[in-house]
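Chemist: My file is start23.cif. It has mmCIF, C-alpha atoms:
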data_coords
#
loop_
_atom_site.label_atom_id
_atom_site.label_comp_id
_atom_site.auth_asym_id
_atom_site.auth_seq_id
_atom_site.Cartn_x
_atom_site.Cartn_y
_atom_site.Cartn_z
CA ALA S 1 25.28 16.18 13.93
CA ASN S 2 21.73 16.60 12.66
CA GLU S 3 20.81 18.85 15.59
CA CYS S 4 23.92 20.97 14.99
CA GLU S 5 23.06 21.30 11.30
CA GLY S 6 19.57 22.45 12.22
CA LYS S 7 21.00 25.19 14.44
CA LYS S 8 23.38 26.21 11.64
CA ARG S 9 20.43 26.65 9.30
CA GLU S 10 18.64 28.70 11.97
CA GLY S 11 21.73 30.87 12.46
CA SER S 12 22.23 30.04 16.15
CA VAL S 13 25.44 28.11 15.38
CA VAL S 14 28.13 29.65 13.20
CA VAL S 15 30.99 27.72 11.58
CA CYS S 16 34.39 29.32 12.15
CA GLU S 17 35.94 31.23 9.27
CA GLU S 18 38.72 29.54 7.28
CA ASP S 19 41.30 32.17 8.29
CA GLU S 20 40.81 31.53 12.00
CA GLU S 21 43.55 29.51 13.69
CA SER S 22 40.98 27.33 15.42
CA CYS S 23 39.50 26.19 12.11
CA ASP S 24 41.81 23.31 11.21
CA VAL S 25 39.13 20.84 10.08
CA GLU S 26 37.32 20.94 6.75
CA VAL S 27 33.61 21.03 7.54
CA PRO S 28 31.33 19.21 5.04
CA CYS S 29 28.15 20.80 3.70
CA ASN S 30 26.31 18.62 6.23
CA LEU S 31 28.01 17.18 9.34
CA VAL S 32 26.02 13.99 8.90
CA TYR S 33 28.40 13.08 6.04
CA ALA S 34 31.26 13.04 8.53
CA VAL S 35 29.21 10.69 10.71
CA MET S 36 28.58 8.47 7.70
CA ASN S 37 32.31 8.21 7.07
CA ALA S 38 32.85 7.19 10.68
CA MET S 39 30.11 4.57 10.36
CA ALA S 40 32.10 2.86 7.62
CA THR S 41 34.85 2.23 10.19
CA PHE S 42 32.47 0.43 12.55
CA PRO S 43 30.05 -1.42 10.23
CA THR S 44 28.97 -4.05 12.77
CA GLU S 45 27.58 -1.32 15.05
CA ASN S 46 25.14 -0.02 12.43
CA SER S 47 21.50 -1.11 12.31
CA ASP S 48 18.46 -0.34 10.17
CA LYS S 49 17.41 2.19 12.80
CA VAL S 50 20.74 4.00 12.43
CA TYR S 51 20.46 4.12 8.64
CA GLU S 52 16.86 5.31 8.93
CA ALA S 53 18.06 8.22 11.02
CA LEU S 54 20.85 8.84 8.51
CA SER S 55 18.40 9.08 5.60
CA ASN S 56 16.09 11.41 7.52
CA ALA S 57 19.01 13.68 8.45
CA LEU S 58 20.31 13.91 4.88
CA VAL S 59 16.89 14.29 3.23
CA ARG S 60 14.82 16.77 5.22
CA ARG S 61 12.65 17.77 2.28
CA CYS S 62 12.21 16.26 -1.16
CA LEU S 63 9.83 17.49 -3.82
CA PHE S 64 9.05 16.83 -7.48
CA ILE S 65 9.93 20.01 -9.37
CA THR S 66 9.34 19.42 -13.06
CA GLY S 67 9.42 16.98 -15.93
CA ALA S 68 11.65 17.98 -18.85
CA ILE S 69 11.49 16.72 -22.44
CA ASP S 70 14.42 18.83 -23.65
CA MET S 71 17.22 20.98 -22.21
CA LYS S 72 15.01 24.08 -22.24
CA GLY S 73 12.68 22.36 -19.78
CA CYS S 74 15.41 21.68 -17.21
CA PRO S 75 15.43 23.91 -14.12
CA LYS S 76 18.13 26.51 -13.62
CA ALA S 77 21.56 24.88 -13.18
CA ASP S 78 22.16 26.35 -9.72
CA ARG S 79 23.09 23.22 -7.74
CA GLY S 80 24.56 19.75 -8.16
CA GLU S 81 22.66 16.98 -9.92
CA ALA S 82 22.64 13.19 -9.59
CA ALA S 83 21.23 11.38 -12.63
CA PHE S 84 19.74 7.86 -12.59
CA ILE S 85 19.90 5.96 -15.89
CA GLY S 86 18.86 2.38 -16.67
CA ARG S 87 16.62 0.08 -18.63
CA SER S 88 12.90 0.01 -17.98
CA ASN S 89 11.97 -2.24 -15.07
CA VAL S 90 15.48 -2.09 -13.56
CA GLY S 91 14.12 -0.41 -10.43
CA LYS S 92 15.12 3.24 -10.81
CA SER S 93 12.06 4.76 -9.17
CA SER S 94 12.13 2.22 -6.33
CA LEU S 95 15.79 3.00 -5.66
CA VAL S 96 15.12 6.76 -5.62
CA ASN S 97 12.32 6.19 -3.10
CA MET S 98 14.62 4.07 -0.95
CA LEU S 99 17.46 6.61 -0.96
CA THR S 100 15.18 9.50 -0.01
CA ASN S 101 13.28 7.38 2.52
CA ARG S 102 10.00 8.17 0.76
CA LYS S 103 7.38 5.61 -0.22
CA SER S 104 6.07 7.25 -3.38
CA LEU S 105 8.29 10.19 -4.34
CA ALA S 106 9.15 8.63 -7.69
CA TYR S 107 6.22 6.79 -9.28
CA THR S 108 6.67 3.04 -9.54
CA SER S 109 4.64 0.93 -11.94
CA LYS S 110 4.33 -2.73 -12.86
CA ARG S 111 4.22 -1.60 -16.47
CA PRO S 112 7.76 -0.92 -17.76
CA GLY S 113 8.49 2.48 -19.32
CA LYS S 114 6.20 4.58 -17.12
CA THR S 115 8.82 7.33 -16.71
CA GLN S 116 8.71 9.23 -20.02
CA GLN S 117 10.49 12.49 -19.17
CA PHE S 118 13.46 13.74 -17.15
CA ASN S 119 11.89 13.95 -13.70
CA TYR S 120 13.58 16.50 -11.41
CA PHE S 121 13.34 16.14 -7.64
CA ALA S 122 14.73 18.89 -5.38
CA VAL S 123 16.38 17.64 -2.19
CA ASN S 124 16.55 20.08 0.74
CA ASP S 125 15.24 23.08 -1.16
CA LYS S 126 13.71 25.98 0.79
CA PRO S 127 10.80 25.14 3.13
CA ASN S 128 7.25 25.39 1.76
CA LEU S 129 8.46 25.38 -1.84
CA GLU S 130 5.41 23.29 -2.75
CA LYS S 131 3.20 26.33 -2.11
CA GLU S 132 5.21 28.34 -4.61
CA LEU S 133 5.00 25.59 -7.21
CA LYS S 134 1.30 24.81 -6.69
CA TYR S 135 -0.21 28.21 -5.97
CA GLY S 136 2.36 30.68 -7.27
CA ASP S 137 2.96 32.13 -3.79
CA ASP S 138 6.16 34.08 -3.20
CA VAL S 139 7.84 31.88 -0.58
CA PRO S 140 10.84 33.46 1.19
CA GLY S 141 14.03 31.60 1.99
CA GLN S 142 16.91 29.85 0.29
CA PRO S 143 17.80 26.21 -0.45
CA ASP S 144 19.95 24.55 2.20
CA LEU S 145 23.70 24.35 1.57
CA ASP S 146 23.39 20.63 0.80
CA SER S 147 20.51 21.03 -1.66
CA PHE S 148 20.75 19.18 -4.98
CA TYR S 149 18.64 17.66 -7.74
CA ILE S 150 17.89 13.98 -8.30
CA VAL S 151 17.12 13.39 -11.99
CA ASP S 152 15.19 10.24 -12.94
CA LEU S 153 15.68 9.59 -16.67
CA PRO S 154 13.29 7.59 -18.89
CA GLY S 155 14.02 3.87 -18.98
CA PHE S 156 15.28 2.25 -22.16
CA GLY S 157 14.78 -1.25 -23.56
CA PHE S 158 11.21 -2.26 -22.63
CA ALA S 159 9.48 1.12 -22.91
CA GLN S 160 6.43 0.84 -25.14
CA VAL S 161 6.90 4.14 -26.98
CA PRO S 162 7.30 5.05 -30.68
CA GLN S 163 10.76 4.89 -32.20
CA GLN S 164 10.71 8.65 -32.84
CA GLN S 165 10.21 9.34 -29.13
CA ARG S 166 13.01 6.95 -28.22
CA GLN S 167 15.28 8.86 -30.58
CA GLN S 168 14.30 12.14 -28.93
CA TRP S 169 15.11 10.67 -25.52
CA SER S 170 18.49 9.49 -26.79
CA GLU S 171 19.38 12.89 -28.24
CA PHE S 172 18.22 14.66 -25.09
CA MET S 173 20.26 12.35 -22.88
CA THR S 174 23.38 12.84 -25.02
CA GLU S 175 23.06 16.61 -24.80
CA TYR S 176 22.33 16.42 -21.08
CA LEU S 177 25.36 14.25 -20.26
CA GLU S 178 27.73 16.34 -22.36
CA THR S 179 26.60 19.87 -21.52
CA ARG S 180 24.88 19.96 -18.10
CA LYS S 181 27.61 21.73 -16.10
CA THR S 182 26.13 20.93 -12.68
CA LEU S 183 25.91 17.17 -13.29
CA ARG S 184 28.12 15.58 -10.63
CA VAL S 185 27.27 11.88 -10.60
CA VAL S 186 25.63 9.44 -13.03
CA PHE S 187 24.20 6.25 -11.52
CA HIS S 188 23.85 3.58 -14.21
CA LEU S 189 21.45 0.92 -12.92
CA VAL S 190 21.94 -2.67 -14.11
CA ASP S 191 19.87 -5.70 -13.04
CA ALA S 192 22.10 -7.86 -10.80
CA ARG S 193 20.36 -11.03 -12.03
CA HIS S 194 21.17 -10.57 -15.70
CA GLY S 195 24.03 -8.10 -16.08
CA PRO S 196 24.36 -5.53 -18.87
CA ILE S 197 22.32 -5.73 -22.08
CA ASP S 198 23.04 -4.05 -25.43
CA ASP S 199 21.45 -0.77 -24.33
CA ASP S 200 23.66 -0.77 -21.22
CA LEU S 201 26.72 -1.17 -23.41
CA ARG S 202 25.69 1.85 -25.44
CA ILE S 203 25.36 3.90 -22.26
CA MET S 204 28.80 2.78 -21.10
CA LYS S 205 30.30 3.67 -24.48
CA GLN S 206 28.69 7.09 -24.45
CA VAL S 207 29.85 7.78 -20.89
CA GLY S 208 33.37 6.57 -21.67
CA GLU S 209 33.60 8.91 -24.66
CA SER S 210 31.83 12.07 -23.55
CA LEU S 211 31.05 12.35 -19.82
CA PRO S 212 32.88 15.40 -18.41
CA LYS S 213 35.67 14.73 -15.92
CA ASN S 214 33.87 16.64 -13.17
CA ALA S 215 31.07 14.03 -13.19
CA LYS S 216 31.44 10.62 -11.56
CA TYR S 217 30.11 7.46 -13.24
CA VAL S 218 28.86 4.71 -10.90
CA VAL S 219 27.42 1.32 -11.84
CA VAL S 220 24.60 0.21 -9.53
CA LEU S 221 23.54 -3.43 -9.48
CA THR S 222 19.87 -3.54 -8.48
CA LYS S 223 17.61 -6.29 -7.09
CA ALA S 224 20.56 -8.07 -5.46
CA ASP S 225 18.20 -9.63 -2.91
CA LYS S 226 16.57 -11.70 -5.70
CA ASN S 227 19.67 -13.87 -6.06
CA VAL S 228 19.76 -15.30 -2.54
CA LYS S 229 17.64 -17.22 -0.05
CA ASN S 230 15.52 -15.42 2.53
CA THR S 231 18.11 -15.79 5.30
CA GLN S 232 20.74 -13.98 3.23
CA LYS S 233 18.64 -11.32 1.49
CA GLN S 234 20.04 -8.52 3.64
CA GLN S 235 23.52 -9.19 2.23
CA GLY S 236 22.61 -9.80 -1.39
CA ARG S 237 24.89 -11.26 -4.04
CA VAL S 238 25.64 -11.31 -7.73
CA ALA S 239 26.60 -14.38 -9.77
CA ARG S 240 30.25 -14.63 -10.76
CA ASP S 241 29.48 -14.87 -14.48
CA VAL S 242 27.31 -11.74 -14.28
CA MET S 243 30.08 -9.80 -12.54
CA GLU S 244 32.66 -11.01 -15.07
CA LYS S 245 30.34 -9.98 -17.91
CA LEU S 246 29.89 -6.56 -16.32
CA ARG S 247 33.59 -5.96 -15.71
CA ASP S 248 34.46 -7.03 -19.25
CA ALA S 249 31.85 -4.66 -20.69
CA MET S 250 33.16 -1.81 -18.55
CA ARG S 251 36.76 -2.39 -19.66
CA ARG S 252 35.80 -2.52 -23.35
CA ASN S 253 33.93 0.77 -23.04
CA LYS S 254 36.68 2.62 -21.15
CA VAL S 255 34.86 2.83 -17.81
CA GLY S 256 36.69 -0.07 -16.17
CA ASN S 257 37.70 1.96 -13.12
CA ALA S 258 34.16 2.99 -12.23
CA PRO S 259 32.89 1.84 -8.81
CA VAL S 260 30.22 -0.88 -8.66
CA ILE S 261 27.59 -0.86 -5.88
CA LEU S 262 25.34 -3.77 -4.92
CA THR S 263 21.84 -2.60 -3.93
CA SER S 264 18.30 -3.68 -3.13
CA ALA S 265 15.36 -1.31 -2.78
CA GLN S 266 13.54 -4.09 -0.90
CA THR S 267 16.14 -4.63 1.86
CA LYS S 268 17.77 -1.17 1.54
CA LEU S 269 21.12 -2.75 0.84
CA GLY S 270 23.69 -0.27 -0.44
CA ARG S 271 21.98 2.95 0.61
CA ASP S 272 25.02 4.15 2.59
CA ASP S 273 27.33 3.44 -0.38
CA MET S 274 24.97 5.32 -2.69
CA TRP S 275 24.92 8.33 -0.38
CA ARG S 276 28.70 8.57 -0.45
CA TYR S 277 28.40 9.40 -4.14
CA LEU S 278 25.22 11.48 -3.81
CA ARG S 279 27.36 13.67 -1.57
CA LEU S 280 29.20 14.81 -4.72
CA ALA S 281 25.99 16.50 -5.89
CA ALA S 282 25.18 17.91 -2.45
CA GLU S 283 28.61 19.51 -2.14
CA ASN S 284 28.59 21.14 -5.59
#
What does the file become when written as structure tokens?
Modeler:
Amino acid sequence: ANECEGKKREGSVVVCEEDEESCDVEVPCNLVYAVMNAMATFPTENSDKVYEALSNALVRRCLFITGAIDMKGCPKADRGEAAFIGRSNVGKSSLVNMLTNRKSLAYTSKRPGKTQQFNYFAVNDKPNLEKELKYGDDVPGQPDLDSFYIVDLPGFGFAQVPQQQRQQWSEFMTEYLETRKTLRVVFHLVDARHGPIDDDLRIMKQVGESLPKNAKYVVVLTKADKNVKNTQKQQGRVARDVMEKLRDAMRRNKVGNAPVILTSAQTKLGRDDMWRYLRLAAEN
């Protein structure tokens, strides 16, 4: 599938037109997504090596584009976007690095609150875009059909920033969630060891009241490997009381039907489930 997609991008393979009789199958923006769906049917056959190949096929290029402090600083809304929201130290940057199969795309720090702007990362944009951004060169080409933006939002809760700046972040996020027309999925990261805190409840309430219907809300439980012994880390788990607390909070804030994904940036648990929703941004 990856080889076929490469030839499509080169122009040596052409997808049949919709009005042709032979075209009776809906072709995704990247054939690898069809493979991923098939993999869900045969989960025991999948290994880390398979998922590594999957990540490399879906993320051919990934580049930091800009950091925005208000809507005017956001790049042109010309493709789908996947936003990552969560408290400081919940593991947002680590999860972004895991999903893109990059070690240091999003900066990770032992000091909570390091991310202090809306960080935009372009996935599968045109080749050599970094030359255009760094040197101002006019680089020819177009983004791939499955190009989209990953948006890493500032963490809330622990961030050691003035109250005025926190308020600016809050207002910016509200405007972003309500008005960004290309936003397709919001990943709300919650620590699997502790469950939602007050700030998480505010996010849920805001999403339940104002997130557009064309955007999907997904709760992501992070650091699931921390709850189990070494022999079971690959599977991960969440305590029953934490899950009950989470489900209750989701129901009270009108997001009770949202999917919940168990993840670990350390063991790469949940990366295939995450990509099934990232696909919404890629197919915008």
Chemist: Point out the residue among S:Asp137, S:Pro196, S:Gly155, S:Glu81 with the least atom-to-atom distance to Lys216 in chain S, counting all atoms listed in the file.
Modeler: S:Glu81
Chemist: Go through S:Gly195, S:Pro143, S:Gly136, S:Pro127 one by one, measure the shortest atom-to-atom distance of each to Ala239 in chain S using only C-alpha atoms, and give the residue with the smallest value.
Modeler: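 Result for the nearest residue to Ala239 in chain S: S:Gly195.
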Chemist: Which residues, named as in the file, does the PyMOL selection byres ((chain S and resi 71) around 8) pick out? Answer as a ChimeraX atom specification.
Modeler: /S:68-70,72-74,172,175-176
Chemist: Taking only C-alpha atoms into account, name the residue in S:Ser147, S:Gln142, S:Asn37, S:Gln116 that is nearest to Ala281 in chain S.
Modeler: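 Closest to Ala281 in chain S, using only C-alpha atoms: S:Ser147.
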Chemist: Given the choices S:Val27, S:Val123, S:Ala192, S:Ile150, which gets closest to Gly91 in chain S if the distance is worked out from only C-alpha atoms?
Modeler: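 Between S:Val27, S:Val123, S:Ala192, S:Ile150, the residue approaching Gly91 in chain S most closely is S:Ala192.
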Chemist: Would you mind telling me which residue in S:Ser93, S:Asn101, S:Ser12, S:Ser210 lies nearest to Arg271 in chain S when using all atoms listed in the file?
Modeler: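 Using all atoms listed in the file, Arg271 in chain S sits closest to S:Asn101.
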Chemist: Enumerate, as an NGL selection string, the protein, DNA and RNA residues whose atoms approach (30.8, 8.5, -13.7) to within 8 Å, taking into account all atoms listed in the file and the coordinate frame of the file.
Modeler: :S and (185-187 or 207 or 211 or 215-218 or 258)
Chemist: Tell me, in Å to one decimal, how far CA of Lys226 in chain S is from CA of Val190 in chain S.
Modeler: 13.5 Å
Chemist: Taking only C-alpha atoms into account, which of S:Cys4, S:Tyr120, S:Arg87, S:Pro43 comes nearest Gly67 in chain S?
Modeler: S:Tyr120
Chemist: Name the residues that the PyMOL selection byres ((chain S and resi 59-66) around 6) picks from the file above, as a ChimeraX atom specification, using the file's chain letters and numbers.
Modeler: /S:55-58,67,120-124
Chemist: Quick one: everything within 12 Å of Ala40 in chain S, counting all atoms listed in the file, minus sequence neighbours fewer than 4 positions away in the same chain. Send it as a list in words.
Modeler: Tyr33, Ala34, Val35, Met36, Thr44, Glu45, Asn46, Tyr51, Asp272, Asp273 and Arg276 of chain S
Chemist: Since we have the selection now, will you write its residues out, keeping C-alpha atoms, as a PDB file, keeping the file's coordinate frame?
Modeler:
ATOM      1  CA  TYR S  33      28.400  13.080   6.040  1.00  0.00           C
ATOM      2  CA  ALA S  34      31.260  13.040   8.530  1.00  0.00           C
ATOM      3  CA  VAL S  35      29.210  10.690  10.710  1.00  0.00           C
ATOM      4  CA  MET S  36      28.580   8.470   7.700  1.00  0.00           C
ATOM      5  CA  THR S  44      28.970  -4.050  12.770  1.00  0.00           C
ATOM      6  CA  GLU S  45      27.580  -1.320  15.050  1.00  0.00           C
ATOM      7  CA  ASN S  46      25.140  -0.020  12.430  1.00  0.00           C
ATOM      8  CA  TYR S  51      20.460   4.120   8.640  1.00  0.00           C
ATOM      9  CA  ASP S 272      25.020   4.150   2.590  1.00  0.00           C
ATOM     10  CA  ASP S 273      27.330   3.440  -0.380  1.00  0.00           C
ATOM     11  CA  ARG S 276      28.700   8.570  -0.450  1.00  0.00           C
TER      12      ARG S 276
END
Chemist: So what does the PyMOL selection byres ((chain S and resi 263-266) around 9) actually pick up in this one, as a VMD selection string?
Modeler: chain S and resid 91 94 to 99 192 220 to 226 233 to 234 236 261 to 262 267 to 271 273 to 274
Chemist: Set the distance at 10 Å and use only C-alpha atoms: which residues neighbour Arg184 in chain S once local chain neighbours fewer than 6 positions away are removed? I'd like the list as a ChimeraX atom specification.
Modeler: /S:79-83,148,212-217,277-284
Chemist: Determine, counting all atoms listed in the file, which protein, DNA and RNA residues have an atom within 10 Å of an atom of Glu5 in chain S; residues of the same chain fewer than 6 positions away are not included. Present the result as a compact mmCIF listing (two decimals) with C-alpha atoms, in the frame of the given file.
Modeler:
# COMPACT_ATOMS: atom_id res chain seq x y z
CA GLY S 11 21.73 30.87 12.46
CA VAL S 13 25.44 28.11 15.38
CA VAL S 14 28.13 29.65 13.20
CA CYS S 29 28.15 20.80 3.70
CA ASN S 30 26.31 18.62 6.23
CA LEU S 31 28.01 17.18 9.34
CA VAL S 32 26.02 13.99 8.90
CA ALA S 57 19.01 13.68 8.45
Chemist: Please measure the separation of CA of Leu54 in chain S and CA of Pro28 in chain S, giving the value in Å to one decimal.
Modeler: 15.1 Å
Chemist: Any idea what the distance is between CA of Trp169 in chain S and CA of Gln117 in chain S?
Modeler: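 Spanning CA of Trp169 in chain S to CA of Gln117 in chain S is a straight-line distance of 8.1 Å.
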Chemist: When you look at Asp144 in chain S with a cut-off of 8 Å (counting only C-alpha atoms), what residues show up, excluding the ones that are within fewer than 4 positions of it in the same chain? I need them as a ChimeraX atom specification.
Modeler: /S:9,124-126
